[in-house]
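Please read the structure below before turning to the comments.
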Amino acid sequence: MLIKVRKPSDVLSSEITPRSVYLDRRRFLQTAAVAGAGAAVGSLPLAGLAATPGAGAKLEGVVKSPYSTGEEATSRESVTSYNNFYEFGTGKDDPAANAGQMKTRPWTVVVDGHVAKPGSYDIDDIFKAHRLEERIYRLRCVEAWSMVVPWVGIPMADFLKRVEPTGSARFVAFQTLLDPEQMPGQRRAVLDWPYVEGLRLDEAMNPLTLLGVGLYGEVMPNQNGAPIRLVTPWKYGFKSIKSIVRMTLTEEMPPTSWNKSQPREYGFYANVNPEVDHPRWSQKRERRIGEFLKRDTLKYNGYGEEVASLYADMNLAKWF
Amino acid sequence: MTKEQRIRWIAKPLVFVLCLTPLMWLGWQAFAGGLGANPIEATNRFLGDWGLRFLLISLAVTPLKAVLGLPVLMRFRRMLGLYAFFYVTLHLSSYIGLDQFFAWGEIWADIVKRNYITIGMTAFALLVPLALTSTKGMIKRLGGPRWKKLHMLVYPAAILGVFHFFMMVKADIREPLIYAAVLAVLLGYRLVARARRRPPRPVRRAQRTQTA
């Protein structure tokens, strides 16, 4: 059982903005945003804004989390303009340029396989049924760069408890939207579309694992994986599958896209590990976006306290 | 103005400045913050792209001269080749100085462990003697035929350069394939031209060399 999760790098209680001040500021920003939007479109009913949130709309009722790091967040500009999302092109700036057209409403997530409550879950119902948390996490890409992202999301464990995996479920398989009309990158077979990923059930149930629905307090921008994506901060970024349309609880280890593409380079686990070399990039160090000098990469991206026990007795060089 | 003067005082300076425009563009983007969230990566990629492009451009001079019937193009070959070396050197410098910030241990580990870096370094090493022997004096000292032979190193260097790019990309190989196709045309042209230039050897001689 996990009780205390604070580490030296975490926010001290003295540093936390008092809730009243925080709420006041949020209220001010919301009022300003709504007033601005209202002024822009004249007669728009204000309630409508909250009912169908588009990218950039403020998320309400977000609570802070002790799992957040105290490190300075990467600028919103960088987080939303430097993306790997091959469904919209393989250049880092392609997703920001091409993802705007993707429709994120209506959106359903199909849950099937070994669950007691399979079905199609509407994205707005998911929003309503769960507590939204802000989780400021480090993100380490396998390409040896990193960011600090203030995600907003739903703890994956909360969602899984709701759909009730059965006793035989051992893995969760995830799938991204397949729609070449909306996702121009899927018109070429750069990867075997749709993008698929997977977690062991205990990894998915880990308190760090998040279903991301926003960042910087706002609805998830399309290029970051709207409307709902996975966030597993101790794994390389490619594990955190974007724009999820299906989760299947399975008995067998599910296939994963990059592993299918280059099995020698990308494994199922993809835990951040400076000790296990990648043929393309040294994983010993990383460049934090916005910084000049590289910094040392931490095992499990610094989340060892929370997740190392998941991999006790495993040969990490074999199960990379 | 004679033709010679036009080449020397107008065309050459013009090409010289034209070849510098990618670098000036890079400098401007760096100054104006136009290189995105990871400017070091962007710089490195940009310089590598242009190194490879100039390598292909300089390899295109000889075929274009023949195809277009423009021997004057040969007057620009050295400058273009030296620009290829210039951008490749800047590419390597940005890897060492910006990306790795002179972490020699890491750089050495990269050269030894990562094939695409091993290959890129080899390509660079092949280009060094070509740049050093690009002066008129060196051509004289080596003698035409030997100089020509030495400068055939540009072919393996270009092939390795394209390979370096090909191996670096993760999944989308379209761009390196374009470079590979252009290079194949440029080298293929030379093979065909060479086969045509040399009449087939008499059968007798071929037999003799086989038995020797």
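Numbering starts fresh at 1 for the residues of each chain in the structure tokens, the chains themselves are lettered A, B, ... in the order given, and ligands are numbered from 1 as they appear.
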
For chain A against chain B, which residues fall within 7 Å using only C-alpha atoms, given as a PyMOL selection string? chain A and resi 78+82+90+190+279-280+289-290

Selection file, all heavy atoms, as a short mmCIF file (atom, residue, chain, number, x, y, z; two decimals), in the first residue's frame:
data_model
loop_
_atom_site.label_atom_id
_atom_site.label_comp_id
_atom_site.auth_asym_id
_atom_site.auth_seq_id
_atom_site.Cartn_x
_atom_site.Cartn_y
_atom_site.Cartn_z
N SER A 78 5.95 25.41 -25.78
CA SER A 78 6.76 24.24 -26.16
C SER A 78 5.96 22.95 -26.06
O SER A 78 6.05 22.08 -26.93
CB SER A 78 8.00 24.13 -25.27
OG SER A 78 8.89 25.19 -25.54
N TYR A 82 5.80 21.10 -29.84
CA TYR A 82 6.88 20.14 -30.07
C TYR A 82 6.35 18.76 -29.70
O TYR A 82 6.40 18.36 -28.53
CB TYR A 82 8.08 20.54 -29.20
CG TYR A 82 9.36 19.78 -29.48
CD1 TYR A 82 10.13 20.08 -30.60
CD2 TYR A 82 9.81 18.80 -28.61
CE1 TYR A 82 11.31 19.41 -30.84
CE2 TYR A 82 11.00 18.12 -28.84
CZ TYR A 82 11.75 18.44 -29.96
OH TYR A 82 12.94 17.77 -30.19
N THR A 90 5.30 13.26 -39.23
CA THR A 90 6.44 12.82 -38.44
C THR A 90 7.33 13.97 -37.96
O THR A 90 8.24 13.74 -37.18
CB THR A 90 7.30 11.83 -39.26
OG1 THR A 90 7.63 12.44 -40.50
CG2 THR A 90 6.54 10.55 -39.52
N VAL A 190 3.71 4.61 -42.23
CA VAL A 190 4.91 4.85 -41.44
C VAL A 190 4.97 3.89 -40.26
O VAL A 190 6.00 3.33 -39.92
CB VAL A 190 4.94 6.32 -40.96
CG1 VAL A 190 6.09 6.54 -40.00
CG2 VAL A 190 5.05 7.26 -42.15
N PRO A 279 19.93 1.49 -29.16
CA PRO A 279 20.88 1.56 -30.27
C PRO A 279 20.98 2.94 -30.92
O PRO A 279 21.97 3.26 -31.56
CB PRO A 279 20.35 0.52 -31.26
CG PRO A 279 19.05 0.05 -30.76
CD PRO A 279 18.92 0.44 -29.34
N ARG A 280 19.97 3.75 -30.77
CA ARG A 280 19.94 5.04 -31.45
C ARG A 280 20.38 6.21 -30.58
O ARG A 280 21.00 7.15 -31.05
CB ARG A 280 18.51 5.33 -31.88
CG ARG A 280 18.32 5.49 -33.33
CD ARG A 280 16.84 5.56 -33.56
NE ARG A 280 16.42 4.38 -34.28
CZ ARG A 280 16.43 4.29 -35.61
NH1 ARG A 280 16.80 5.31 -36.32
NH2 ARG A 280 16.05 3.20 -36.21
N ILE A 289 13.70 20.39 -22.41
CA ILE A 289 13.35 21.43 -23.38
C ILE A 289 13.42 22.80 -22.70
O ILE A 289 12.85 23.00 -21.63
CB ILE A 289 11.94 21.17 -23.96
CG1 ILE A 289 11.92 19.88 -24.79
CG2 ILE A 289 11.45 22.35 -24.79
CD1 ILE A 289 12.88 19.85 -25.96
N GLY A 290 14.15 23.71 -23.34
CA GLY A 290 14.35 25.04 -22.75
C GLY A 290 15.69 25.18 -22.06
O GLY A 290 16.08 26.28 -21.69
#

Could you pull the residues within 12 Å of B:Thr135, counting only C-alpha atoms, minus those fewer than 5 positions along the same chain, as an MDAnalysis selection string? chainID B and resid 78:79 81:82 129:130 140:142 147

Can you write just those residues out, all heavy atoms, as a PDB file, in the first residue's frame?
ATOM      1  N   ARG B  78      34.475  23.403 -57.360  1.00  0.00           N
ATOM      2  CA  ARG B  78      35.277  23.443 -56.131  1.00  0.00           C
ATOM      3  C   ARG B  78      34.547  24.209 -55.033  1.00  0.00           C
ATOM      4  O   ARG B  78      34.490  23.779 -53.878  1.00  0.00           O
ATOM      5  CB  ARG B  78      36.636  24.079 -56.393  1.00  0.00           C
ATOM      6  CG  ARG B  78      37.367  24.360 -55.080  1.00  0.00           C
ATOM      7  CD  ARG B  78      38.815  24.654 -55.260  1.00  0.00           C
ATOM      8  NE  ARG B  78      39.050  25.749 -56.188  1.00  0.00           N
ATOM      9  CZ  ARG B  78      40.253  26.060 -56.675  1.00  0.00           C
ATOM     10  NH1 ARG B  78      41.309  25.356 -56.316  1.00  0.00           N
ATOM     11  NH2 ARG B  78      40.402  27.068 -57.495  1.00  0.00           N
ATOM     12  N   MET B  79      33.970  25.352 -55.413  1.00  0.00           N
ATOM     13  CA  MET B  79      33.274  26.152 -54.399  1.00  0.00           C
ATOM     14  C   MET B  79      32.113  25.363 -53.786  1.00  0.00           C
ATOM     15  O   MET B  79      31.926  25.348 -52.576  1.00  0.00           O
ATOM     16  CB  MET B  79      32.738  27.444 -55.035  1.00  0.00           C
ATOM     17  CG  MET B  79      32.318  28.471 -54.004  1.00  0.00           C
ATOM     18  SD  MET B  79      31.179  29.682 -54.672  1.00  0.00           S
ATOM     19  CE  MET B  79      32.210  30.533 -55.822  1.00  0.00           C
ATOM     20  N   GLY B  81      31.796  22.099 -53.664  1.00  0.00           N
ATOM     21  CA  GLY B  81      32.323  21.012 -52.847  1.00  0.00           C
ATOM     22  C   GLY B  81      32.809  21.519 -51.499  1.00  0.00           C
ATOM     23  O   GLY B  81      32.576  20.890 -50.459  1.00  0.00           O
ATOM     24  N   LEU B  82      33.445  22.679 -51.519  1.00  0.00           N
ATOM     25  CA  LEU B  82      33.932  23.236 -50.250  1.00  0.00           C
ATOM     26  C   LEU B  82      32.755  23.679 -49.366  1.00  0.00           C
ATOM     27  O   LEU B  82      32.830  23.584 -48.142  1.00  0.00           O
ATOM     28  CB  LEU B  82      34.881  24.404 -50.506  1.00  0.00           C
ATOM     29  CG  LEU B  82      36.299  23.972 -50.912  1.00  0.00           C
ATOM     30  CD1 LEU B  82      37.136  25.179 -51.342  1.00  0.00           C
ATOM     31  CD2 LEU B  82      37.000  23.238 -49.761  1.00  0.00           C
ATOM     32  N   PRO B 129      40.462  14.939 -46.417  1.00  0.00           N
ATOM     33  CA  PRO B 129      41.567  15.067 -47.401  1.00  0.00           C
ATOM     34  C   PRO B 129      41.132  15.770 -48.686  1.00  0.00           C
ATOM     35  O   PRO B 129      41.954  16.430 -49.331  1.00  0.00           O
ATOM     36  CB  PRO B 129      41.963  13.606 -47.679  1.00  0.00           C
ATOM     37  CG  PRO B 129      40.843  12.767 -47.177  1.00  0.00           C
ATOM     38  CD  PRO B 129      40.207  13.535 -46.064  1.00  0.00           C
ATOM     39  N   LEU B 130      39.866  15.663 -49.030  1.00  0.00           N
ATOM     40  CA  LEU B 130      39.393  16.320 -50.248  1.00  0.00           C
ATOM     41  C   LEU B 130      39.408  17.833 -50.075  1.00  0.00           C
ATOM     42  O   LEU B 130      39.820  18.569 -50.974  1.00  0.00           O
ATOM     43  CB  LEU B 130      37.983  15.847 -50.605  1.00  0.00           C
ATOM     44  CG  LEU B 130      37.757  14.344 -50.654  1.00  0.00           C
ATOM     45  CD1 LEU B 130      36.423  14.029 -51.330  1.00  0.00           C
ATOM     46  CD2 LEU B 130      38.882  13.634 -51.391  1.00  0.00           C
ATOM     47  N   LYS B 140      48.499  20.485 -58.298  1.00  0.00           N
ATOM     48  CA  LYS B 140      49.766  20.411 -59.011  1.00  0.00           C
ATOM     49  C   LYS B 140      50.700  19.408 -58.344  1.00  0.00           C
ATOM     50  O   LYS B 140      51.314  18.579 -58.991  1.00  0.00           O
ATOM     51  CB  LYS B 140      50.436  21.794 -59.036  1.00  0.00           C
ATOM     52  CG  LYS B 140      50.408  22.404 -60.430  1.00  0.00           C
ATOM     53  CD  LYS B 140      51.199  23.684 -60.465  1.00  0.00           C
ATOM     54  CE  LYS B 140      50.711  24.533 -61.624  1.00  0.00           C
ATOM     55  NZ  LYS B 140      51.049  25.943 -61.464  1.00  0.00           N
ATOM     56  N   ARG B 141      50.780  19.523 -57.016  1.00  0.00           N
ATOM     57  CA  ARG B 141      51.727  18.655 -56.293  1.00  0.00           C
ATOM     58  C   ARG B 141      51.349  17.181 -56.430  1.00  0.00           C
ATOM     59  O   ARG B 141      52.206  16.317 -56.502  1.00  0.00           O
ATOM     60  CB  ARG B 141      51.760  19.048 -54.813  1.00  0.00           C
ATOM     61  CG  ARG B 141      52.819  20.099 -54.535  1.00  0.00           C
ATOM     62  CD  ARG B 141      52.721  20.652 -53.139  1.00  0.00           C
ATOM     63  NE  ARG B 141      53.058  19.701 -52.109  1.00  0.00           N
ATOM     64  CZ  ARG B 141      52.978  19.978 -50.821  1.00  0.00           C
ATOM     65  NH1 ARG B 141      52.586  21.180 -50.431  1.00  0.00           N
ATOM     66  NH2 ARG B 141      53.299  19.084 -49.917  1.00  0.00           N
ATOM     67  N   LEU B 142      50.034  16.916 -56.389  1.00  0.00           N
ATOM     68  CA  LEU B 142      49.606  15.514 -56.498  1.00  0.00           C
ATOM     69  C   LEU B 142      49.654  15.025 -57.935  1.00  0.00           C
ATOM     70  O   LEU B 142      49.813  13.827 -58.186  1.00  0.00           O
ATOM     71  CB  LEU B 142      48.175  15.374 -55.975  1.00  0.00           C
ATOM     72  CG  LEU B 142      48.008  15.344 -54.460  1.00  0.00           C
ATOM     73  CD1 LEU B 142      46.550  15.504 -54.098  1.00  0.00           C
ATOM     74  CD2 LEU B 142      48.549  14.046 -53.886  1.00  0.00           C
ATOM     75  N   TRP B 147      45.304  13.140 -58.125  1.00  0.00           N
ATOM     76  CA  TRP B 147      44.320  14.016 -57.475  1.00  0.00           C
ATOM     77  C   TRP B 147      42.909  13.526 -57.779  1.00  0.00           C
ATOM     78  O   TRP B 147      42.070  13.431 -56.901  1.00  0.00           O
ATOM     79  CB  TRP B 147      44.507  15.452 -57.972  1.00  0.00           C
ATOM     80  CG  TRP B 147      43.586  16.437 -57.306  1.00  0.00           C
ATOM     81  CD1 TRP B 147      43.845  17.125 -56.162  1.00  0.00           C
ATOM     82  CD2 TRP B 147      42.280  16.826 -57.730  1.00  0.00           C
ATOM     83  NE1 TRP B 147      42.772  17.929 -55.833  1.00  0.00           N
ATOM     84  CE2 TRP B 147      41.796  17.766 -56.782  1.00  0.00           C
ATOM     85  CE3 TRP B 147      41.472  16.484 -58.811  1.00  0.00           C
ATOM     86  CZ2 TRP B 147      40.541  18.363 -56.889  1.00  0.00           C
ATOM     87  CZ3 TRP B 147      40.215  17.068 -58.915  1.00  0.00           C
ATOM     88  CH2 TRP B 147      39.756  17.997 -57.961  1.00  0.00           C
TER      89      TRP B 147
END

Residues within 9 Å of A:Ser243, please, as a list of chain:residue names. Count only C-alpha atoms; anything in the same chain fewer than 6 positions from it doesn't count.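 Listing them by chain and then by number gives A:Thr104, A:Gln175, A:Thr176, A:Leu177, A:Asn222, A:Asn224, A:Gly225, A:Ala226, A:Pro227, A:Ile228, A:Arg229, A:Leu230.
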
Skip A:Asn84 itself and residues of its chain fewer than 2 positions away, then list as a PDB file with N, CA and C atoms, in the first residue's frame all residues within 10 Å of it, counting only C-alpha atoms.
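Saved result, part_19.pdb, follows:
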ATOM      1  N   SER A  81       3.727  22.692 -29.086  1.00  0.00           N
ATOM      2  CA  SER A  81       4.246  22.870 -30.446  1.00  0.00           C
ATOM      3  C   SER A  81       5.339  21.870 -30.806  1.00  0.00           C
ATOM      4  N   TYR A  82       5.795  21.096 -29.837  1.00  0.00           N
ATOM      5  CA  TYR A  82       6.884  20.139 -30.069  1.00  0.00           C
ATOM      6  C   TYR A  82       6.349  18.760 -29.699  1.00  0.00           C
ATOM      7  N   TYR A  86       2.574  10.793 -34.735  1.00  0.00           N
ATOM      8  CA  TYR A  86       2.797  10.477 -36.146  1.00  0.00           C
ATOM      9  C   TYR A  86       1.501  10.428 -36.959  1.00  0.00           C
ATOM     10  N   GLU A  87       0.373  10.313 -36.298  1.00  0.00           N
ATOM     11  CA  GLU A  87      -0.908  10.335 -37.022  1.00  0.00           C
ATOM     12  C   GLU A  87      -1.105  11.666 -37.750  1.00  0.00           C
ATOM     13  N   PHE A  88      -0.365  12.689 -37.315  1.00  0.00           N
ATOM     14  CA  PHE A  88      -0.501  13.998 -37.947  1.00  0.00           C
ATOM     15  C   PHE A  88       0.778  14.425 -38.660  1.00  0.00           C
ATOM     16  N   GLY A  89       1.700  13.482 -38.850  1.00  0.00           N
ATOM     17  CA  GLY A  89       2.952  13.806 -39.526  1.00  0.00           C
ATOM     18  C   GLY A  89       4.135  13.515 -38.614  1.00  0.00           C
ATOM     19  N   THR A  90       5.297  13.265 -39.230  1.00  0.00           N
ATOM     20  CA  THR A  90       6.442  12.819 -38.443  1.00  0.00           C
ATOM     21  C   THR A  90       7.328  13.969 -37.963  1.00  0.00           C
ATOM     22  N   GLY A  91       7.065  15.190 -38.440  1.00  0.00           N
ATOM     23  CA  GLY A  91       7.834  16.333 -37.935  1.00  0.00           C
ATOM     24  C   GLY A  91       7.275  16.766 -36.582  1.00  0.00           C
ATOM     25  N   LYS A  92       8.157  17.360 -35.765  1.00  0.00           N
ATOM     26  CA  LYS A  92       7.725  17.779 -34.437  1.00  0.00           C
ATOM     27  C   LYS A  92       6.638  18.861 -34.486  1.00  0.00           C
ATOM     28  N   ASP A  93       6.651  19.668 -35.552  1.00  0.00           N
ATOM     29  CA  ASP A  93       5.651  20.741 -35.621  1.00  0.00           C
ATOM     30  C   ASP A  93       4.431  20.336 -36.453  1.00  0.00           C
ATOM     31  N   ASP A  94       4.450  19.132 -37.021  1.00  0.00           N
ATOM     32  CA  ASP A  94       3.302  18.678 -37.810  1.00  0.00           C
ATOM     33  C   ASP A  94       2.012  18.555 -36.993  1.00  0.00           C
ATOM     34  N   PRO A  95       2.063  17.930 -35.790  1.00  0.00           N
ATOM     35  CA  PRO A  95       0.804  17.789 -35.041  1.00  0.00           C
ATOM     36  C   PRO A  95       0.122  19.133 -34.765  1.00  0.00           C
ATOM     37  N   ALA A  96       0.904  20.126 -34.351  1.00  0.00           N
ATOM     38  CA  ALA A  96       0.296  21.432 -34.066  1.00  0.00           C
ATOM     39  C   ALA A  96      -0.318  22.017 -35.337  1.00  0.00           C
ATOM     40  N   CYS A 141      11.140  11.562 -23.316  1.00  0.00           N
ATOM     41  CA  CYS A 141      11.002  10.919 -24.619  1.00  0.00           C
ATOM     42  C   CYS A 141      12.196  10.005 -24.849  1.00  0.00           C
ATOM     43  N   GLN A 223      -3.213  18.342 -30.577  1.00  0.00           N
ATOM     44  CA  GLN A 223      -1.884  17.821 -30.893  1.00  0.00           C
ATOM     45  C   GLN A 223      -1.250  17.070 -29.727  1.00  0.00           C
ATOM     46  N   ASN A 224      -1.813  17.223 -28.542  1.00  0.00           N
ATOM     47  CA  ASN A 224      -1.296  16.502 -27.382  1.00  0.00           C
ATOM     48  C   ASN A 224      -2.085  15.228 -27.087  1.00  0.00           C
ATOM     49  N   GLY A 225      -3.029  14.880 -27.966  1.00  0.00           N
ATOM     50  CA  GLY A 225      -3.716  13.604 -27.796  1.00  0.00           C
ATOM     51  C   GLY A 225      -5.150  13.705 -27.329  1.00  0.00           C
ATOM     52  N   GLY A 237       7.992   8.330 -23.582  1.00  0.00           N
ATOM     53  CA  GLY A 237       6.756   8.988 -24.015  1.00  0.00           C
ATOM     54  C   GLY A 237       5.890   8.175 -24.966  1.00  0.00           C
ATOM     55  N   PHE A 238       6.520   7.328 -25.788  1.00  0.00           N
ATOM     56  CA  PHE A 238       5.708   6.632 -26.791  1.00  0.00           C
ATOM     57  C   PHE A 238       4.715   5.647 -26.176  1.00  0.00           C
TER      58      PHE A 238
END

Apply DSSP to the backbone of this structure and, from stretch 10-125 of chain B, keep only the residues in alpha helix (DSSP H); write these as a PyMOL selection string. chain B and resi 12-32+39-68+77-93+104-113+115-125

Could you pull out the strand (DSSP E) residues of stretch 107-223 of chain A, going by DSSP on the backbone, and write them as a PyMOL selection string? chain A and resi 108-113+119-122+133-140+145-155+171-176+196-200+210-215+218-219

Restrict the selected residues to C-alpha atoms and save them as a PDB file, in the first residue's frame.
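What follows is the written file selection15.pdb:
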ATOM      1  CA  THR A 108     -16.599   7.332 -27.217  1.00  0.00           C
ATOM      2  CA  VAL A 109     -14.131   4.979 -25.631  1.00  0.00           C
ATOM      3  CA  VAL A 110     -15.005   1.332 -26.121  1.00  0.00           C
ATOM      4  CA  VAL A 111     -14.121  -0.840 -23.134  1.00  0.00           C
ATOM      5  CA  ASP A 112     -14.200  -4.581 -23.754  1.00  0.00           C
ATOM      6  CA  GLY A 113     -12.469  -7.842 -23.019  1.00  0.00           C
ATOM      7  CA  GLY A 119     -19.485  -0.820 -23.196  1.00  0.00           C
ATOM      8  CA  SER A 120     -19.068   2.461 -25.018  1.00  0.00           C
ATOM      9  CA  TYR A 121     -18.215   5.241 -22.631  1.00  0.00           C
ATOM     10  CA  ASP A 122     -18.964   8.760 -23.802  1.00  0.00           C
ATOM     11  CA  GLU A 133      -6.561  16.020 -10.869  1.00  0.00           C
ATOM     12  CA  GLU A 134      -3.688  18.200 -11.859  1.00  0.00           C
ATOM     13  CA  ARG A 135      -0.523  16.103 -12.104  1.00  0.00           C
ATOM     14  CA  ILE A 136       2.688  17.920 -12.898  1.00  0.00           C
ATOM     15  CA  TYR A 137       4.836  15.126 -14.291  1.00  0.00           C
ATOM     16  CA  ARG A 138       8.198  14.811 -15.939  1.00  0.00           C
ATOM     17  CA  LEU A 139       7.948  13.468 -19.484  1.00  0.00           C
ATOM     18  CA  ARG A 140      10.972  11.672 -20.909  1.00  0.00           C
ATOM     19  CA  TRP A 145      14.630  15.061 -24.546  1.00  0.00           C
ATOM     20  CA  SER A 146      12.289  15.793 -21.672  1.00  0.00           C
ATOM     21  CA  MET A 147       9.637  18.201 -20.457  1.00  0.00           C
ATOM     22  CA  VAL A 148       7.636  18.933 -17.334  1.00  0.00           C
ATOM     23  CA  VAL A 149       3.947  18.920 -18.169  1.00  0.00           C
ATOM     24  CA  PRO A 150       1.090  20.054 -15.923  1.00  0.00           C
ATOM     25  CA  TRP A 151      -1.431  17.421 -16.999  1.00  0.00           C
ATOM     26  CA  VAL A 152      -5.046  17.293 -15.966  1.00  0.00           C
ATOM     27  CA  GLY A 153      -6.431  13.803 -15.815  1.00  0.00           C
ATOM     28  CA  ILE A 154      -8.322  10.990 -14.215  1.00  0.00           C
ATOM     29  CA  PRO A 155      -6.395   8.368 -12.269  1.00  0.00           C
ATOM     30  CA  PHE A 171      -3.150  -6.486 -19.362  1.00  0.00           C
ATOM     31  CA  VAL A 172      -4.830  -3.405 -20.776  1.00  0.00           C
ATOM     32  CA  ALA A 173      -4.557  -2.906 -24.544  1.00  0.00           C
ATOM     33  CA  PHE A 174      -5.104   0.631 -25.839  1.00  0.00           C
ATOM     34  CA  GLN A 175      -5.934   1.790 -29.337  1.00  0.00           C
ATOM     35  CA  THR A 176      -5.804   5.209 -30.991  1.00  0.00           C
ATOM     36  CA  VAL A 196      -1.653   0.417 -30.185  1.00  0.00           C
ATOM     37  CA  GLU A 197      -0.114   0.298 -26.738  1.00  0.00           C
ATOM     38  CA  GLY A 198      -0.435  -1.777 -23.619  1.00  0.00           C
ATOM     39  CA  LEU A 199       0.210  -1.930 -19.910  1.00  0.00           C
ATOM     40  CA  ARG A 200       0.293  -4.730 -17.412  1.00  0.00           C
ATOM     41  CA  LEU A 210      -3.300   8.866 -15.578  1.00  0.00           C
ATOM     42  CA  LEU A 211      -5.870   9.238 -18.310  1.00  0.00           C
ATOM     43  CA  GLY A 212      -4.928  12.721 -19.469  1.00  0.00           C
ATOM     44  CA  VAL A 213      -7.767  14.989 -20.568  1.00  0.00           C
ATOM     45  CA  GLY A 214      -6.074  18.369 -20.339  1.00  0.00           C
ATOM     46  CA  LEU A 215      -2.953  20.379 -19.649  1.00  0.00           C
ATOM     47  CA  GLU A 218      -7.392  23.494 -19.931  1.00  0.00           C
ATOM     48  CA  VAL A 219      -8.981  20.932 -22.225  1.00  0.00           C
TER      49      VAL A 219
END

Please provide the set of residues having any atom within 12 Å of B:Cys19, restricted to only C-alpha atoms, with same-chain residues fewer than 3 positions apart removed, written as a short mmCIF file (atom, residue, chain, number, x, y, z; two decimals) with C-alpha atoms, in the first residue's frame.
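Resulting contents of part.cif:
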data_model
loop_
_atom_site.label_atom_id
_atom_site.label_comp_id
_atom_site.auth_asym_id
_atom_site.auth_seq_id
_atom_site.Cartn_x
_atom_site.Cartn_y
_atom_site.Cartn_z
CA LYS B 12 31.24 33.49 -58.57
CA PRO B 13 30.49 36.09 -55.89
CA LEU B 14 26.79 35.56 -56.58
CA VAL B 15 27.03 31.80 -56.10
CA PHE B 16 29.21 32.32 -53.05
CA PRO B 22 20.96 28.75 -45.62
CA LEU B 23 23.42 29.71 -42.89
CA MET B 24 22.14 33.27 -42.82
CA TRP B 25 18.57 31.98 -42.60
CA TRP B 50 22.45 21.28 -46.08
CA GLY B 51 25.72 19.37 -45.86
CA ARG B 53 22.36 18.80 -50.16
CA PHE B 54 25.60 20.54 -51.09
CA ILE B 57 24.78 19.58 -55.68
CA SER B 58 28.53 19.33 -56.13
CA PHE B 76 31.88 26.34 -59.64
CA MET B 79 33.27 26.15 -54.40
CA LEU B 80 30.23 23.90 -54.14
CA GLY B 81 32.32 21.01 -52.85
CA LEU B 82 33.93 23.24 -50.25
CA TYR B 83 30.49 24.47 -49.19
CA ALA B 84 29.45 20.84 -48.71
CA PHE B 86 31.64 23.69 -44.72
CA TYR B 87 28.08 22.66 -43.82
#

Selection near stretch 178-191 of chain B, 10 Å with only C-alpha atoms, sequence-local residues under 2 positions removed, as a list in words: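 The residues satisfying every condition are Asp49, Leu52, Arg53, Leu55, Leu56, Ile57, Leu59, Ala60, Val61, Thr62, Pro63, Leu64, Tyr155, Ala158, Ile159, Gly161, Val162, Phe163, Phe165, Phe166, Ile173, Arg174, Glu175, Pro176, Ala193, Arg194, Ala195, Arg196 and Arg197 of chain B.
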
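Note that the spacing between atom CA of A:Glu60 and atom CA of A:Ala73 amounts to 20.3 Å.
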
Which distance in Å separates atom CA of B:Val154 and atom CA of B:Gly48, to one decimal? 16.3 Å

How many Å lie between atom CA of A:Lys260 and atom CA of A:Lys239, rounded to one decimal?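 These two atoms are separated by 13.1 Å.
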
Contacts of A:Arg285 within 6 Å, only C-alpha atoms, excl. fewer than 6 positions in-chain, as JSON, numbers by chain: {"A": [295, 296, 297]}

Requested write-out: all heavy atoms of the selected residues, as a short mmCIF file (atom, residue, chain, number, x, y, z; two decimals), in the first residue's frame:
data_model
loop_
_atom_site.label_atom_id
_atom_site.label_comp_id
_atom_site.auth_asym_id
_atom_site.auth_seq_id
_atom_site.Cartn_x
_atom_site.Cartn_y
_atom_site.Cartn_z
N ARG A 295 21.00 16.94 -18.81
CA ARG A 295 21.03 16.51 -17.42
C ARG A 295 21.00 14.98 -17.40
O ARG A 295 20.63 14.35 -18.38
CB ARG A 295 19.84 17.07 -16.66
CG ARG A 295 18.50 16.78 -17.33
CD ARG A 295 17.34 17.15 -16.45
NE ARG A 295 17.17 18.60 -16.31
CZ ARG A 295 16.59 19.16 -15.25
NH1 ARG A 295 16.15 18.42 -14.27
NH2 ARG A 295 16.45 20.47 -15.20
N ASP A 296 21.42 14.43 -16.25
CA ASP A 296 21.42 12.98 -16.13
C ASP A 296 19.98 12.47 -16.08
O ASP A 296 19.12 13.07 -15.43
CB ASP A 296 22.15 12.55 -14.85
CG ASP A 296 23.66 12.73 -14.99
OD1 ASP A 296 24.14 12.75 -16.15
OD2 ASP A 296 24.34 12.89 -13.96
N THR A 297 19.75 11.37 -16.76
CA THR A 297 18.43 10.74 -16.73
C THR A 297 18.31 9.88 -15.48
O THR A 297 19.27 9.21 -15.10
CB THR A 297 18.23 9.90 -18.01
OG1 THR A 297 18.10 10.80 -19.11
CG2 THR A 297 17.01 9.01 -17.93
#
